[in-house]
Structures are given as C-alpha cells and as structure tokens.
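Everything on this sheet refers to the single structure shown next.
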Amino acid sequence: MIQIIYHIIVLYLTIHLVWFIVREKKFWDQLSGMIVLIIFLLRLFLIK
Amino acid sequence: MKKHHLRAILLLLLTVLACSFSGLDFLNMHEEEALFPSPHLTAKKKLSDYFPGLKNSPGDSSVYIFEGQMRGGTLLILGGTHPNEPAGFITAVLLVENLALKQGKVIIVPRANNSGFMHNDPQEGNPQRYSLDTPGGTRWFRYGSRLTNPIHQWPDPVLYVNPAGQKLSGTESRNLNRCYPGRKSGYLTEKIAYGIMRLINDEKIDLAIDLHEAAPEYPVINAIVFHENSAELAAIALMTLQMEGVDIRLEASPPNLRGLSHREWGDFAKTRAILLETANTSHGRLKGKPSASLIIEGRDKNYQKAAQLGRLFVPFDENGIPLKQRVSRHLASIIALISGLYELHPDLPIQLANLPSPAEVRQVGIGPFLKPLK
C-alpha cells in the first residue's frame, strides 16, 4: 500500500514538472526542471 | 507556437533521450555474469526450492550442490552476501567451477543477495563490473552494492527492528547480514534470509561459512568470526592457517549483536557458524579513485599513507592487497575449517578434490582456474 502511495506522489510531481517546463519562459529554469525530471522518471519507471 | 513552448518540447525530448541512455545503463546491471559449473556438479537448485516465497523475485538465487560418493559432513558456503565484497563472490565462483567432491556434501550460493548485484551505491563512482583474464578470454563479474536494490525493496523504514529484535537504522533492512533469521512474510531481504535459514535446516548443514570483506581500516579484518558453538573449530583453523603463514585472527560473535549470520545461524539453526573477512581496498573510505583495477589489484596510495601512519589493521604496502591474495586467503580458511571439522568430528568428513591450492591462486591469480567463455 505504502508503495502505491509513494508511486502516486512521484507521478503527481512528475506531471507538475512537465507542466512547469512547458509554461516556464526562462531557459535556465526550464533546463533545471529537465534535470530534476530525469531523476523522477527513472524512479517512476523503477529503473533507479 | 510560442518560443518557450518549442524549447520545452525540445527539452522534453532531451529528457526522454537522457532517461533512455541512463536507464539502459542501469538496467544493464540486471544482466548476470556467466558461470560454468564443474562437471562434477551434482545438482543446481534455486533458493526458492527451499522457500517458494522467493520464486520469480529478484531475491531468488542459484544454489550449486556437490555430493561425494561417500557420505560425510555437509558444508554451506555463501558468497555475495554483500555484492561489493568481491573476494567472497569470486571464491564461491572458483569453487563452483572447479570443485569435485570425494566425500560429504558442499552447497554453494555465490550470489546470496542477488538483488544487491543489480545496482551499485549512488555517489560512490564504483564500476559496474570488473574483468579477469582466463586462458579462454576475458570474463566480467558484477560489482554490486552492500544492500538490496531499493527498486526491489522500498521505502526503507526510519528505524528497522530486525527479526532477531535488534533496532537498527532503516537502510539496514536491506542488509542481508542484519536480517537473519529472516521473516517469511517480511521485506525481500528478510525473505532471502529466511530462505537461507530454510536451506540450512533442510540440508542439515554441519558447517556454514559466510564469505565477506571489509575496509582495511575496519578492526574486524583478516579474521574468522565464530559463533560460540564453533569456538574450538575456529581455534584449530587459526592454528592451521598460522602454521601455513596466513596471518589471521579470531573474533567471537557478540551475543548482543543480532541479525548477523555468525549469530543467528548458530542460535536458530544450531549449525556451526563462521564468517570470514579479508581486507578490500575498494571497499574502504580512504581510497582514491574507484576503478576495476582497484578491485583487482588493491593498490592505493592513500592506504599506503594510512598504513605508514599506523591507521590500518592489516599490513599495506605498495603491492596493495590484490583480489588473488584475498581469494587465496578465503580458500585457505575454508580448507582449514573443513580439516578442523574432521579433527573434532571424524564422523563429518568432507574431502575436496580438483581445487587449486591457495598458494597457486596467490601466485598465478584466479583467471587460470576459471572456465573459458563458451
């Protein structure tokens, strides 16, 4: 159960990160978001 | 489409690319190295044959069984309890690929914590694998982590109360050598420990040896750690080894340090429990750049300096402590323990054959005794 909750949290934050990158106007902030997104995606798909 | 939207699409595509690249690299660690068992192997089982709860899980592992024609004692050898301690794993591989048995039974589990081999420790910069030259070509072996892969067991509790009742930090719930005697319905690591306990009970193991390594600055090093039921056996092995010129010390298993193999195997399975430690430079905190050659050659300038300052518990010079020396030490200790077991219990003979001698391994290395790639 706790794993499902954890997964939902990671998915929620991942969606927020994608949305942030899309609406953000500053390049460097978009790039920072991208770096964080990589880690979240690797966790979401249980790769690392 | 606005400019920043276009840039976002490009960055998201880059994200997918970076995830694919790094993801493939991480998933590459799930690939297991090839092992070529000796023709004298009697049976190959899985840990899940002893505890079905491990079936199809990353904690399941191969169990190699050698039986002699004459009955005798039964020995269990565990390598890879901590997959970042390569001498234990390689000693187990060397045995699996060479052993023939005249008398008794030997059971070997090279990857005791199989999940720990499928990742390595973040921010350590350790290589994912190292290679050994054999007469038939180069063979690679996995360098893993001390702990179970968090992909397979997560999240860690803040405080971990192990099956023996000891309170530990949360990450220790993924340390196989803190999870004995295991739990049937617990964490994956506890299930592995439970499977090993079932193996010990079902196979009526007379002597169980857990192969480890530790950093040269750690006090329990080049040591035989023994359960009190094996004190005499460990003392005999120590004398044999010292007569052969192998400098080794004895460490009694502390009764209040719970969850470890040398404690719980003896307490719960009533088997003679021994843990062997060698000094691994690549494992230590003082090391320089981690690399495959550090694992194999064990040479490091920082450790040389530390030895000069008297900070280490083992001698360390410019020759380092190579893998072949550490494997040779494990091999010599196993042979001495088997001989000690026979001395104390003549009804439990185990006669090994076809093995390289520890001196040969120390001299020419491990590669010449490993099977060529098929």
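FYI, nothing fancy with the structure tokens labels: chains A, B, ... in order, residues from 1 per chain, ligands from 1 as they appear.
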
Notebook entry, point to check: Residues at most 9 Å from range 24-29 of chain A, counting only C-alpha atoms, excluding those fewer than 4 positions away in the same chain, as a list in words?
Noted result: Trp19, Phe20, Gly33 and Met34 of chain A; Lys3, His4, His5, Arg7 and Ala8 of chain B

Margin query: Taking only C-alpha atoms into account, find every residue of chain B that has an atom no more than 9 Å from chain A, and write it out as a list in words.
Written below: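 That gives Lys3, His4, His5, Leu6, Arg7, Ala8, Ile9, Leu11, Leu12, Leu14, Thr15, Val16, Ala18, Cys19, Ser22, Gly23, Leu24, Phe26, Leu27, His119, Asn149, Pro150, Ile151, His152, Trp154 and Pro155 of chain B for chain B.
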
Would you export the selected residues with C-alpha atoms as a PDB file, in the first residue's frame, please?
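Contents of selection.pdb, as written:
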```pdb
ATOM      1  CA  LYS B   3       9.280  30.203 -28.477  1.00  0.00           C
ATOM      2  CA  HIS B   4       9.351  28.826 -24.906  1.00  0.00           C
ATOM      3  CA  HIS B   5       6.850  26.093 -25.853  1.00  0.00           C
ATOM      4  CA  LEU B   6       9.082  24.956 -28.683  1.00  0.00           C
ATOM      5  CA  ARG B   7      12.049  24.957 -26.286  1.00  0.00           C
ATOM      6  CA  ALA B   8      10.027  22.905 -23.768  1.00  0.00           C
ATOM      7  CA  ILE B   9       9.269  20.251 -26.426  1.00  0.00           C
ATOM      8  CA  LEU B  11      13.949  19.789 -23.627  1.00  0.00           C
ATOM      9  CA  LEU B  12      11.332  17.081 -23.019  1.00  0.00           C
ATOM     10  CA  LEU B  14      16.168  15.531 -24.499  1.00  0.00           C
ATOM     11  CA  THR B  15      14.801  14.241 -21.174  1.00  0.00           C
ATOM     12  CA  VAL B  16      13.467  11.109 -22.872  1.00  0.00           C
ATOM     13  CA  ALA B  18      18.772  11.060 -21.273  1.00  0.00           C
ATOM     14  CA  CYS B  19      16.377   8.698 -19.463  1.00  0.00           C
ATOM     15  CA  SER B  22      20.969   6.235 -18.364  1.00  0.00           C
ATOM     16  CA  GLY B  23      18.068   3.794 -17.929  1.00  0.00           C
ATOM     17  CA  LEU B  24      19.710   1.266 -20.251  1.00  0.00           C
ATOM     18  CA  PHE B  26      21.189   0.982 -15.001  1.00  0.00           C
ATOM     19  CA  LEU B  27      19.164  -1.924 -16.432  1.00  0.00           C
ATOM     20  CA  HIS B 119      22.725  -1.960  -8.692  1.00  0.00           C
ATOM     21  CA  ASN B 149      18.352  -2.777  -4.670  1.00  0.00           C
ATOM     22  CA  PRO B 150      15.872  -0.129  -3.432  1.00  0.00           C
ATOM     23  CA  ILE B 151      13.887  -0.747  -6.614  1.00  0.00           C
ATOM     24  CA  HIS B 152      13.111  -4.192  -5.189  1.00  0.00           C
ATOM     25  CA  TRP B 154      11.371   0.344  -0.667  1.00  0.00           C
ATOM     26  CA  PRO B 155      10.752   2.607   1.089  1.00  0.00           C
TER      27      PRO B 155
END
```

Margin query: So the first atom is CA of Lys270 in chain B and the second is CA of Tyr180 in chain B; what is the distance between them in Å, to one decimal place?
Written below: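 Computing the Euclidean distance for CA of Lys270 in chain B and CA of Tyr180 in chain B yields 13.3 Å.
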
Note to self: Just to confirm, what's the straight-line distance from CA of Lys44 in chain B to CA of Tyr64 in chain B in Å (one decimal)?
What the structure shows: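 Calculated distance between CA of Lys44 in chain B and CA of Tyr64 in chain B is 4.8 Å.
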
Next item on the list: DSSP on the backbone, then: every residue of range 178-371 of chain B marked strand (DSSP E or B), written as a PyMOL selection string.
Entry: chain B and resi 207-214+223-226+249-252+272-279+351-353

Checklist line | 10 Å contact set for range 239-244 of chain B, only C-alpha atoms, chain neighbours under 3 positions out, as a list of chain:residue names | finding: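 Returned residues: B:Ala234, B:Ala235, B:Ile236, B:Asp247, B:Ile248, B:Arg249, B:Arg329, B:Ala332, B:Ser333, B:Ile335, B:Ala336, B:Leu337, B:Ser339, B:Gly340, B:Ala359.
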
Would you mind exporting the chosen residues as a CSV table (one decimal), in the first residue's frame, restricted to N, CA and C atoms?
```csv
chain,number,residue,atom,x,y,z
B,234,ALA,N,37.1,-22.9,15.2
B,234,ALA,CA,37.8,-21.7,14.7
B,234,ALA,C,39.3,-21.6,15.2
B,235,ALA,N,39.5,-22.1,16.5
B,235,ALA,CA,40.8,-22.0,17.0
B,235,ALA,C,41.7,-23.0,16.3
B,236,ILE,N,41.2,-24.2,16.0
B,236,ILE,CA,42.0,-25.2,15.2
B,236,ILE,C,42.4,-24.6,13.8
B,247,ASP,N,48.4,-14.9,8.2
B,247,ASP,CA,48.1,-14.2,9.5
B,247,ASP,C,46.6,-13.9,9.6
B,248,ILE,N,46.0,-14.5,10.6
B,248,ILE,CA,44.6,-14.3,10.7
B,248,ILE,C,44.3,-14.2,12.2
B,249,ARG,N,43.2,-13.6,12.6
B,249,ARG,CA,42.8,-13.5,14.0
B,249,ARG,C,41.4,-14.1,14.2
B,329,ARG,N,43.2,-16.4,0.5
B,329,ARG,CA,43.0,-16.4,2.0
B,329,ARG,C,41.7,-17.1,2.3
B,332,ALA,N,42.1,-20.8,1.7
B,332,ALA,CA,42.9,-21.5,2.8
B,332,ALA,C,42.1,-21.6,4.0
B,333,SER,N,41.3,-20.6,4.3
B,333,SER,CA,40.4,-20.7,5.6
B,333,SER,C,39.4,-21.7,5.4
B,335,ILE,N,39.5,-24.5,3.6
B,335,ILE,CA,40.2,-25.8,3.7
B,335,ILE,C,40.6,-26.1,5.2
B,336,ALA,N,41.1,-25.1,5.9
B,336,ALA,CA,41.5,-25.2,7.3
B,336,ALA,C,40.2,-25.6,8.2
B,337,LEU,N,39.1,-24.9,7.9
B,337,LEU,CA,37.9,-25.2,8.7
B,337,LEU,C,37.4,-26.6,8.4
B,339,SER,N,39.2,-29.2,7.5
B,339,SER,CA,40.1,-30.1,8.2
B,339,SER,C,39.9,-30.1,9.7
B,340,GLY,N,39.6,-28.9,10.3
B,340,GLY,CA,39.3,-28.8,11.7
B,340,GLY,C,38.0,-29.5,12.1
B,359,ALA,N,48.0,-21.4,-2.4
B,359,ALA,CA,49.3,-20.9,-2.8
B,359,ALA,C,49.4,-20.6,-4.3
```
